[in-house]
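As structure tokens, the structure follows; a few thoughts come after it.
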Amino acid sequence: MRWNKTLAAAGLAVCLPLSFASAPESKTSLVHKTKYSMGTVYEIAAYDESPERASQAIDKAFAGIVALDNLLSNYKPESALSQLNRNGHFHAVKVPPDLYRVMEESVKYSKVSGGKFDITVAPLVDLWKAALRGDRVPTEAQQQELRACVGYEKIELTPPDMVEFRSPCMRIDVGSIGKGYAVDRAVEILRANGIKNALVDAGQSSIYGMGAPPGQSAWEVHLRDPSNRVDPTVLLSENSVSTSEQTPASLLGNATAGHIIDPANGKPLETKYALSIVVKTGTASDALSTTLLLVGPEKGKPIVKAIADAAAIWVSEDGKTETVTTGPEIRLGGNKQKEQAKADVAGHKYLSGSPREN
């Protein structure tokens, strides 16, 4: 599972360059805006015949994201999530609908992954955060004590809006699903305000493509490639892609910690892969990217095969890949330099954003 805020200092950028075309002969205009929220930079690029309408729709979408941050943040003491973490132990607490839905979705992915995806890992995350900041590596006794606080089975959800923690020390962190949920909310708001063609990007790691740029069939997304050899790409149109990758020790300056914690052993995940997953919603892609990275290709492929219109790719540091699809195509072997040159001539733009802070 992942945490917020720490990766800005670590300098990790999950680079998903996004290309979109401008069409001088078209009546549609491109409006592109950014907004910092949920510990990362959101970008929205929208095409519409009315730049004013697109601009207003984007502003409303950003307002929706900020509203979710005020509910789901574990850094804001008065957020609904923080209040639940303080008051939900052996006592049912009424929570806002969005927080309940995020928790409901989280439990679903916990079951799918056999507990590898688990938002209750927050106590262990905080323990390893301290190591990341330079404190001593947690002792086995400390890890064992906090592992007793973790377990999605100890969350009791009572529809439509009651939550209870069946543990005295449980806390949750929805950083591994919240940004994808916010992407979906932004998409809903854009649609409600008449926007049909847009790209919504949360920190260059959870992205949704609505419609397509003028003259194109979809939005082209270059996926994370730690080897710089494979250059996997995918075309997005009414679907989402997310990427997860463990923080390299070389960037942390601390070989003992990484930002993704394995609930099974309470330690930072050790993996050679970066993982990208394409599915229908931002919520699903965000949660599944963490899940599939944690379980690895062998156990992850059956999970993807059970999902309609999904595709995933694991890329290792030495350029080896593992792929699976039930529909979308992930293309390999693109030439970034050639495509960049073509894009420059055609008036395309490659977005580059802030580091992923999950």
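Ordered as shown in the structure tokens, chains take letters A, B, and onward, while each chain numbers its residues from 1 and ligands are numbered from 1 in the order shown.
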Residue neighbourhood segment 154-158 of chain A, 12 Å, only C-alpha atoms, exclusion window fewer than 3 positions, as a PDB file with N, CA and C atoms, in the first residue's frame:
ATOM      1  N   LEU A  84     -12.935   9.440  11.552  1.00  0.00           N
ATOM      2  CA  LEU A  84     -13.210   8.002  11.641  1.00  0.00           C
ATOM      3  C   LEU A  84     -12.043   7.270  12.282  1.00  0.00           C
ATOM      4  N   ASN A  85     -10.816   7.634  11.910  1.00  0.00           N
ATOM      5  CA  ASN A  85      -9.645   6.986  12.489  1.00  0.00           C
ATOM      6  C   ASN A  85      -9.549   7.217  13.999  1.00  0.00           C
ATOM      7  N   GLY A  88     -13.723   5.480  15.370  1.00  0.00           N
ATOM      8  CA  GLY A  88     -14.442   4.328  14.843  1.00  0.00           C
ATOM      9  C   GLY A  88     -14.146   2.995  15.491  1.00  0.00           C
ATOM     10  N   HIS A  89     -13.423   2.964  16.598  1.00  0.00           N
ATOM     11  CA  HIS A  89     -13.021   1.694  17.209  1.00  0.00           C
ATOM     12  C   HIS A  89     -14.120   1.146  18.124  1.00  0.00           C
ATOM     13  N   PHE A  90     -14.670  -0.001  17.726  1.00  0.00           N
ATOM     14  CA  PHE A  90     -15.751  -0.676  18.470  1.00  0.00           C
ATOM     15  C   PHE A  90     -16.949   0.257  18.677  1.00  0.00           C
ATOM     16  N   HIS A  91     -17.122   1.148  17.719  1.00  0.00           N
ATOM     17  CA  HIS A  91     -18.229   2.099  17.793  1.00  0.00           C
ATOM     18  C   HIS A  91     -18.578   2.506  16.371  1.00  0.00           C
ATOM     19  N   ALA A  92     -19.790   2.219  15.936  1.00  0.00           N
ATOM     20  CA  ALA A  92     -20.195   2.542  14.567  1.00  0.00           C
ATOM     21  C   ALA A  92     -20.299   4.051  14.385  1.00  0.00           C
ATOM     22  N   VAL A  93     -19.665   4.541  13.315  1.00  0.00           N
ATOM     23  CA  VAL A  93     -19.628   5.974  13.013  1.00  0.00           C
ATOM     24  C   VAL A  93     -20.274   6.205  11.656  1.00  0.00           C
ATOM     25  N   LYS A  94     -21.114   7.212  11.578  1.00  0.00           N
ATOM     26  CA  LYS A  94     -21.712   7.588  10.298  1.00  0.00           C
ATOM     27  C   LYS A  94     -20.708   8.410   9.502  1.00  0.00           C
ATOM     28  N   VAL A  95     -20.503   8.040   8.246  1.00  0.00           N
ATOM     29  CA  VAL A  95     -19.525   8.726   7.407  1.00  0.00           C
ATOM     30  C   VAL A  95     -20.206   9.256   6.148  1.00  0.00           C
ATOM     31  N   LEU A  99     -16.822   8.699   1.374  1.00  0.00           N
ATOM     32  CA  LEU A  99     -15.905   7.896   2.176  1.00  0.00           C
ATOM     33  C   LEU A  99     -16.406   6.464   2.286  1.00  0.00           C
ATOM     34  N   TYR A 100     -17.696   6.281   2.463  1.00  0.00           N
ATOM     35  CA  TYR A 100     -18.254   4.928   2.549  1.00  0.00           C
ATOM     36  C   TYR A 100     -18.010   4.172   1.244  1.00  0.00           C
ATOM     37  N   ARG A 101     -18.239   4.829   0.099  1.00  0.00           N
ATOM     38  CA  ARG A 101     -18.048   4.158  -1.188  1.00  0.00           C
ATOM     39  C   ARG A 101     -16.584   3.792  -1.412  1.00  0.00           C
ATOM     40  N   VAL A 102     -15.667   4.689  -1.035  1.00  0.00           N
ATOM     41  CA  VAL A 102     -14.246   4.388  -1.190  1.00  0.00           C
ATOM     42  C   VAL A 102     -13.864   3.178  -0.339  1.00  0.00           C
ATOM     43  N   MET A 103     -14.385   3.108   0.884  1.00  0.00           N
ATOM     44  CA  MET A 103     -14.082   1.972   1.747  1.00  0.00           C
ATOM     45  C   MET A 103     -14.710   0.691   1.216  1.00  0.00           C
ATOM     46  N   GLU A 104     -15.915   0.798   0.695  1.00  0.00           N
ATOM     47  CA  GLU A 104     -16.600  -0.363   0.115  1.00  0.00           C
ATOM     48  C   GLU A 104     -15.805  -0.917  -1.063  1.00  0.00           C
ATOM     49  N   GLU A 105     -15.339  -0.017  -1.941  1.00  0.00           N
ATOM     50  CA  GLU A 105     -14.519  -0.437  -3.077  1.00  0.00           C
ATOM     51  C   GLU A 105     -13.205  -1.041  -2.593  1.00  0.00           C
ATOM     52  N   SER A 106     -12.619  -0.450  -1.564  1.00  0.00           N
ATOM     53  CA  SER A 106     -11.338  -0.940  -1.049  1.00  0.00           C
ATOM     54  C   SER A 106     -11.463  -2.362  -0.534  1.00  0.00           C
ATOM     55  N   VAL A 107     -12.514  -2.639   0.198  1.00  0.00           N
ATOM     56  CA  VAL A 107     -12.725  -3.987   0.723  1.00  0.00           C
ATOM     57  C   VAL A 107     -12.886  -4.987  -0.420  1.00  0.00           C
ATOM     58  N   LYS A 108     -13.538  -4.553  -1.487  1.00  0.00           N
ATOM     59  CA  LYS A 108     -13.699  -5.424  -2.654  1.00  0.00           C
ATOM     60  C   LYS A 108     -12.345  -5.845  -3.219  1.00  0.00           C
ATOM     61  N   SER A 110      -9.516  -5.785  -1.601  1.00  0.00           N
ATOM     62  CA  SER A 110      -8.834  -6.594  -0.594  1.00  0.00           C
ATOM     63  C   SER A 110      -9.208  -8.068  -0.766  1.00  0.00           C
ATOM     64  N   GLY A 115      -6.082 -10.018   0.416  1.00  0.00           N
ATOM     65  CA  GLY A 115      -5.581  -9.164   1.478  1.00  0.00           C
ATOM     66  C   GLY A 115      -4.331  -8.383   1.147  1.00  0.00           C
ATOM     67  N   ASP A 118      -4.885  -3.426   1.062  1.00  0.00           N
ATOM     68  CA  ASP A 118      -5.492  -3.282   2.375  1.00  0.00           C
ATOM     69  C   ASP A 118      -5.290  -1.856   2.890  1.00  0.00           C
ATOM     70  N   ILE A 119      -6.373  -1.095   2.976  1.00  0.00           N
ATOM     71  CA  ILE A 119      -6.279   0.293   3.415  1.00  0.00           C
ATOM     72  C   ILE A 119      -6.043   0.410   4.915  1.00  0.00           C
ATOM     73  N   THR A 120      -6.095  -0.711   5.654  1.00  0.00           N
ATOM     74  CA  THR A 120      -5.858  -0.661   7.098  1.00  0.00           C
ATOM     75  C   THR A 120      -4.369  -0.732   7.439  1.00  0.00           C
ATOM     76  N   VAL A 121      -3.506  -0.679   6.436  1.00  0.00           N
ATOM     77  CA  VAL A 121      -2.072  -0.805   6.656  1.00  0.00           C
ATOM     78  C   VAL A 121      -1.454   0.497   7.176  1.00  0.00           C
ATOM     79  N   ALA A 148      -0.762  -6.447  14.173  1.00  0.00           N
ATOM     80  CA  ALA A 148      -2.007  -6.843  14.834  1.00  0.00           C
ATOM     81  C   ALA A 148      -3.116  -5.811  14.621  1.00  0.00           C
ATOM     82  N   CYS A 149      -2.754  -4.593  14.200  1.00  0.00           N
ATOM     83  CA  CYS A 149      -3.744  -3.535  13.942  1.00  0.00           C
ATOM     84  C   CYS A 149      -4.325  -3.635  12.539  1.00  0.00           C
ATOM     85  N   VAL A 150      -3.694  -4.425  11.692  1.00  0.00           N
ATOM     86  CA  VAL A 150      -3.999  -4.434  10.265  1.00  0.00           C
ATOM     87  C   VAL A 150      -4.890  -5.621   9.913  1.00  0.00           C
ATOM     88  N   GLY A 151      -5.813  -5.391   8.991  1.00  0.00           N
ATOM     89  CA  GLY A 151      -6.665  -6.468   8.493  1.00  0.00           C
ATOM     90  C   GLY A 151      -8.016  -5.947   8.056  1.00  0.00           C
ATOM     91  N   ASP A 161     -24.198   3.896   5.436  1.00  0.00           N
ATOM     92  CA  ASP A 161     -23.149   4.864   5.761  1.00  0.00           C
ATOM     93  C   ASP A 161     -22.506   4.679   7.134  1.00  0.00           C
ATOM     94  N   MET A 162     -22.561   3.483   7.708  1.00  0.00           N
ATOM     95  CA  MET A 162     -21.999   3.259   9.034  1.00  0.00           C
ATOM     96  C   MET A 162     -20.744   2.392   8.945  1.00  0.00           C
ATOM     97  N   VAL A 163     -19.709   2.803   9.687  1.00  0.00           N
ATOM     98  CA  VAL A 163     -18.430   2.089   9.669  1.00  0.00           C
ATOM     99  C   VAL A 163     -17.963   1.868  11.102  1.00  0.00           C
ATOM    100  N   GLU A 164     -17.437   0.656  11.351  1.00  0.00           N
ATOM    101  CA  GLU A 164     -16.888   0.348  12.666  1.00  0.00           C
ATOM    102  C   GLU A 164     -15.595  -0.435  12.503  1.00  0.00           C
ATOM    103  N   PHE A 165     -14.590  -0.090  13.304  1.00  0.00           N
ATOM    104  CA  PHE A 165     -13.327  -0.820  13.316  1.00  0.00           C
ATOM    105  C   PHE A 165     -13.361  -1.841  14.450  1.00  0.00           C
ATOM    106  N   ARG A 166     -13.160  -3.107  14.118  1.00  0.00           N
ATOM    107  CA  ARG A 166     -13.146  -4.159  15.128  1.00  0.00           C
ATOM    108  C   ARG A 166     -11.709  -4.406  15.595  1.00  0.00           C
ATOM    109  N   SER A 167     -11.032  -3.329  15.923  1.00  0.00           N
ATOM    110  CA  SER A 167      -9.652  -3.378  16.407  1.00  0.00           C
ATOM    111  C   SER A 167      -9.392  -2.084  17.164  1.00  0.00           C
ATOM    112  N   PRO A 168      -8.660  -2.136  18.267  1.00  0.00           N
ATOM    113  CA  PRO A 168      -8.429  -0.925  19.060  1.00  0.00           C
ATOM    114  C   PRO A 168      -7.400   0.024  18.467  1.00  0.00           C
ATOM    115  N   CYS A 169      -6.609  -0.453  17.503  1.00  0.00           N
ATOM    116  CA  CYS A 169      -5.523   0.378  16.977  1.00  0.00           C
ATOM    117  C   CYS A 169      -5.580   0.555  15.463  1.00  0.00           C
ATOM    118  N   MET A 170      -6.690   0.179  14.844  1.00  0.00           N
ATOM    119  CA  MET A 170      -6.809   0.274  13.392  1.00  0.00           C
ATOM    120  C   MET A 170      -6.907   1.725  12.926  1.00  0.00           C
ATOM    121  N   ARG A 171      -6.238   2.009  11.822  1.00  0.00           N
ATOM    122  CA  ARG A 171      -6.399   3.267  11.098  1.00  0.00           C
ATOM    123  C   ARG A 171      -6.337   2.960   9.600  1.00  0.00           C
ATOM    124  N   ILE A 172      -6.997   3.779   8.814  1.00  0.00           N
ATOM    125  CA  ILE A 172      -6.993   3.543   7.375  1.00  0.00           C
ATOM    126  C   ILE A 172      -6.340   4.703   6.634  1.00  0.00           C
TER     127      ILE A 172
END
Which of segment 193-334 of chain A fall in strand (DSSP E or B), as number ranges by chain: A: 197-202, 206-210, 219-222, 233-236, 239-245, 261-262, 267-268, 273-279, 311-316, 321-325, 330-331
Would you save the residues of that selection, restricted to C-alpha atoms, as a short mmCIF file (atom, residue, chain, number, x, y, z; two decimals), in the first residue's frame?
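Wrote it out as result_36.cif, contents follow:
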data_model
loop_
_atom_site.label_atom_id
_atom_site.label_comp_id
_atom_site.auth_asym_id
_atom_site.auth_seq_id
_atom_site.Cartn_x
_atom_site.Cartn_y
_atom_site.Cartn_z
CA ASN A 197 -13.37 15.13 -24.97
CA ALA A 198 -10.89 15.53 -22.12
CA LEU A 199 -7.94 14.01 -20.36
CA VAL A 200 -7.88 13.91 -16.54
CA ASP A 201 -4.49 13.18 -14.98
CA ALA A 202 -3.73 12.66 -11.27
CA SER A 206 -3.88 7.69 -12.68
CA ILE A 207 -5.35 8.97 -15.92
CA TYR A 208 -8.74 8.89 -17.63
CA GLY A 209 -9.38 9.61 -21.32
CA MET A 210 -12.78 10.97 -22.31
CA TRP A 219 -5.64 9.66 -26.26
CA GLU A 220 -2.17 8.08 -26.53
CA VAL A 221 -0.43 7.41 -23.21
CA HIS A 222 3.18 6.30 -22.80
CA THR A 233 1.83 2.73 -25.00
CA VAL A 234 -1.94 2.48 -24.78
CA LEU A 235 -4.83 4.33 -26.40
CA LEU A 236 -7.42 5.63 -23.93
CA ASN A 239 -11.21 4.19 -19.83
CA SER A 240 -8.37 4.71 -17.39
CA VAL A 241 -4.76 3.67 -16.78
CA SER A 242 -2.74 3.71 -13.56
CA THR A 243 0.87 2.86 -12.78
CA SER A 244 2.53 1.67 -9.56
CA GLU A 245 6.21 1.19 -8.80
CA ILE A 261 4.08 -1.78 2.17
CA ASP A 262 3.19 -5.47 1.87
CA LYS A 267 7.65 -4.63 5.25
CA PRO A 268 8.32 -2.50 2.14
CA TYR A 273 8.64 -4.33 -11.79
CA ALA A 274 6.68 -1.25 -12.68
CA LEU A 275 3.03 -2.14 -13.30
CA SER A 276 0.41 -0.41 -15.46
CA ILE A 277 -3.25 -1.45 -15.64
CA VAL A 278 -5.96 -0.31 -18.07
CA VAL A 279 -9.60 -0.65 -16.98
CA ALA A 311 -5.04 -5.01 -19.80
CA ALA A 312 -1.90 -4.98 -17.66
CA ILE A 313 1.84 -4.90 -18.20
CA TRP A 314 4.69 -5.55 -15.79
CA VAL A 315 8.02 -4.05 -16.98
CA SER A 316 11.28 -4.91 -15.22
CA THR A 321 7.71 -7.69 -19.79
CA GLU A 322 4.68 -9.69 -18.70
CA THR A 323 1.35 -8.77 -20.28
CA VAL A 324 -2.27 -9.86 -20.12
CA THR A 325 -5.40 -8.45 -21.78
CA ILE A 330 -0.71 -2.37 -24.97
CA ARG A 331 1.79 -1.67 -27.73
#
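One distance worth recording is that between atom CA of Gly327 of chain A and atom CA of Lys280 of chain A, which is 11.2 Å.
The nearest approach to Asp98 of chain A among the residues A:Ala67, A:Ala192, A:Leu269, A:Leu124, with only C-alpha atoms taken into account, belongs to A:Ala67.
Counting from atom CA of Leu293 of chain A, the distance to atom CA of Val174 of chain A is 16.8 Å.
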Between atom CA of Ile58 of chain A and atom CA of Pro232 of chain A, distance in Å (one decimal): 29.0 Å
Of the listed residues A:Lys76, A:Ala54, A:Thr291, A:His259, that which approaches Ala130 of chain A most closely, counting only C-alpha atoms: A:His259
Expected answer as number ranges by chain: alpha helix (DSSP H) residues in segment 167-323 of chain A: A: 178-192, 249-252, 282-305
Include N, CA and C atoms and write out the residues we just selected as a compact mmCIF listing (two decimals), in the first residue's frame.
# COMPACT_ATOMS: atom_id res chain seq x y z
N GLY A 178 -7.79 6.67 -3.49
CA GLY A 178 -8.49 7.95 -3.44
C GLY A 178 -8.29 8.82 -4.66
N LYS A 179 -7.09 8.82 -5.22
CA LYS A 179 -6.84 9.68 -6.39
C LYS A 179 -7.59 9.18 -7.61
N GLY A 180 -7.68 7.86 -7.76
CA GLY A 180 -8.47 7.32 -8.86
C GLY A 180 -9.94 7.65 -8.71
N TYR A 181 -10.42 7.59 -7.47
CA TYR A 181 -11.80 7.97 -7.19
C TYR A 181 -12.03 9.43 -7.53
N ALA A 182 -11.05 10.28 -7.22
CA ALA A 182 -11.17 11.70 -7.55
C ALA A 182 -11.15 11.94 -9.05
N VAL A 183 -10.37 11.14 -9.78
CA VAL A 183 -10.38 11.24 -11.24
C VAL A 183 -11.77 10.94 -11.78
N ASP A 184 -12.39 9.89 -11.27
CA ASP A 184 -13.74 9.55 -11.72
C ASP A 184 -14.73 10.67 -11.39
N ARG A 185 -14.59 11.29 -10.23
CA ARG A 185 -15.48 12.39 -9.88
C ARG A 185 -15.30 13.57 -10.84
N ALA A 186 -14.05 13.86 -11.19
CA ALA A 186 -13.79 14.94 -12.14
C ALA A 186 -14.42 14.64 -13.49
N VAL A 187 -14.33 13.38 -13.92
CA VAL A 187 -14.93 12.98 -15.20
C VAL A 187 -16.45 13.17 -15.15
N GLU A 188 -17.07 12.76 -14.06
CA GLU A 188 -18.52 12.94 -13.91
C GLU A 188 -18.91 14.41 -14.02
N ILE A 189 -18.15 15.28 -13.39
CA ILE A 189 -18.46 16.70 -13.40
C ILE A 189 -18.26 17.29 -14.79
N LEU A 190 -17.19 16.89 -15.46
CA LEU A 190 -16.97 17.37 -16.83
C LEU A 190 -18.12 16.96 -17.74
N ARG A 191 -18.54 15.71 -17.66
CA ARG A 191 -19.67 15.24 -18.49
C ARG A 191 -20.94 16.03 -18.18
N ALA A 192 -21.21 16.24 -16.89
CA ALA A 192 -22.42 16.96 -16.49
C ALA A 192 -22.43 18.39 -17.00
N ALA A 249 15.66 2.43 -3.94
CA ALA A 249 16.52 2.83 -2.83
C ALA A 249 17.48 3.94 -3.23
N SER A 250 17.88 3.96 -4.51
CA SER A 250 18.81 4.99 -4.97
C SER A 250 18.20 6.38 -4.88
N LEU A 251 16.88 6.45 -5.01
CA LEU A 251 16.21 7.75 -4.89
C LEU A 251 15.93 8.09 -3.44
N LEU A 252 15.62 7.08 -2.65
CA LEU A 252 15.35 7.33 -1.24
C LEU A 252 16.60 7.66 -0.45
N GLY A 282 -11.18 5.13 -13.09
CA GLY A 282 -9.99 5.54 -12.36
C GLY A 282 -9.89 4.87 -11.00
N THR A 283 -11.03 4.67 -10.35
CA THR A 283 -11.03 3.99 -9.05
C THR A 283 -10.45 2.59 -9.19
N ALA A 284 -10.90 1.86 -10.19
CA ALA A 284 -10.43 0.49 -10.40
C ALA A 284 -8.96 0.47 -10.80
N SER A 285 -8.55 1.36 -11.69
CA SER A 285 -7.15 1.32 -12.13
C SER A 285 -6.21 1.68 -10.99
N ASP A 286 -6.58 2.65 -10.16
CA ASP A 286 -5.73 3.05 -9.04
C ASP A 286 -5.57 1.90 -8.05
N ALA A 287 -6.69 1.29 -7.66
CA ALA A 287 -6.63 0.18 -6.70
C ALA A 287 -5.92 -1.03 -7.29
N LEU A 288 -6.21 -1.35 -8.54
CA LEU A 288 -5.61 -2.54 -9.15
C LEU A 288 -4.13 -2.36 -9.43
N SER A 289 -3.67 -1.13 -9.66
CA SER A 289 -2.24 -0.96 -9.90
C SER A 289 -1.44 -1.36 -8.68
N THR A 290 -1.90 -0.97 -7.49
CA THR A 290 -1.24 -1.40 -6.26
C THR A 290 -1.38 -2.91 -6.07
N THR A 291 -2.59 -3.41 -6.26
CA THR A 291 -2.85 -4.83 -6.08
C THR A 291 -1.95 -5.69 -6.95
N LEU A 292 -1.88 -5.35 -8.24
CA LEU A 292 -1.13 -6.18 -9.19
C LEU A 292 0.37 -6.08 -8.99
N LEU A 293 0.84 -4.92 -8.54
CA LEU A 293 2.25 -4.82 -8.22
C LEU A 293 2.59 -5.69 -7.02
N LEU A 294 1.72 -5.69 -6.03
CA LEU A 294 1.95 -6.49 -4.81
C LEU A 294 1.92 -7.98 -5.08
N VAL A 295 1.00 -8.44 -5.91
CA VAL A 295 0.87 -9.89 -6.12
C VAL A 295 1.80 -10.41 -7.20
N GLY A 296 2.27 -9.53 -8.12
CA GLY A 296 3.17 -9.95 -9.18
C GLY A 296 2.45 -10.57 -10.36
N PRO A 297 3.18 -10.82 -11.46
CA PRO A 297 2.54 -11.30 -12.70
C PRO A 297 1.83 -12.64 -12.56
N GLU A 298 2.44 -13.61 -11.87
CA GLU A 298 1.87 -14.97 -11.82
C GLU A 298 0.48 -14.96 -11.19
N LYS A 299 0.31 -14.27 -10.09
CA LYS A 299 -0.98 -14.21 -9.43
C LYS A 299 -1.84 -13.07 -9.98
N GLY A 300 -1.21 -12.09 -10.62
CA GLY A 300 -1.94 -10.94 -11.13
C GLY A 300 -2.68 -11.20 -12.42
N LYS A 301 -2.12 -12.03 -13.28
CA LYS A 301 -2.76 -12.29 -14.57
C LYS A 301 -4.16 -12.87 -14.43
N PRO A 302 -4.39 -13.85 -13.55
CA PRO A 302 -5.76 -14.36 -13.38
C PRO A 302 -6.74 -13.28 -12.90
N ILE A 303 -6.26 -12.34 -12.09
CA ILE A 303 -7.12 -11.24 -11.65
C ILE A 303 -7.57 -10.41 -12.84
N VAL A 304 -6.63 -10.08 -13.73
CA VAL A 304 -6.95 -9.27 -14.91
C VAL A 304 -7.87 -10.04 -15.85
N LYS A 305 -7.63 -11.34 -16.02
CA LYS A 305 -8.44 -12.14 -16.93
C LYS A 305 -9.90 -12.21 -16.50
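The residue that comes closest to Lys129 of chain A, out of A:Ala61, A:Leu68, A:Met38, A:Ile260 and on the basis of only C-alpha atoms, is A:Ile260.
If only C-alpha atoms are the atoms counted, then among A:Gln142, A:Thr34, A:Thr40, A:Ser82 the closest residue to Phe62 of chain A is A:Thr34.
Minimum distance to Ser37 of chain A across A:Glu52, A:Gly203, A:Pro159, A:Leu146 (counting only C-alpha atoms) occurs at A:Gly203.
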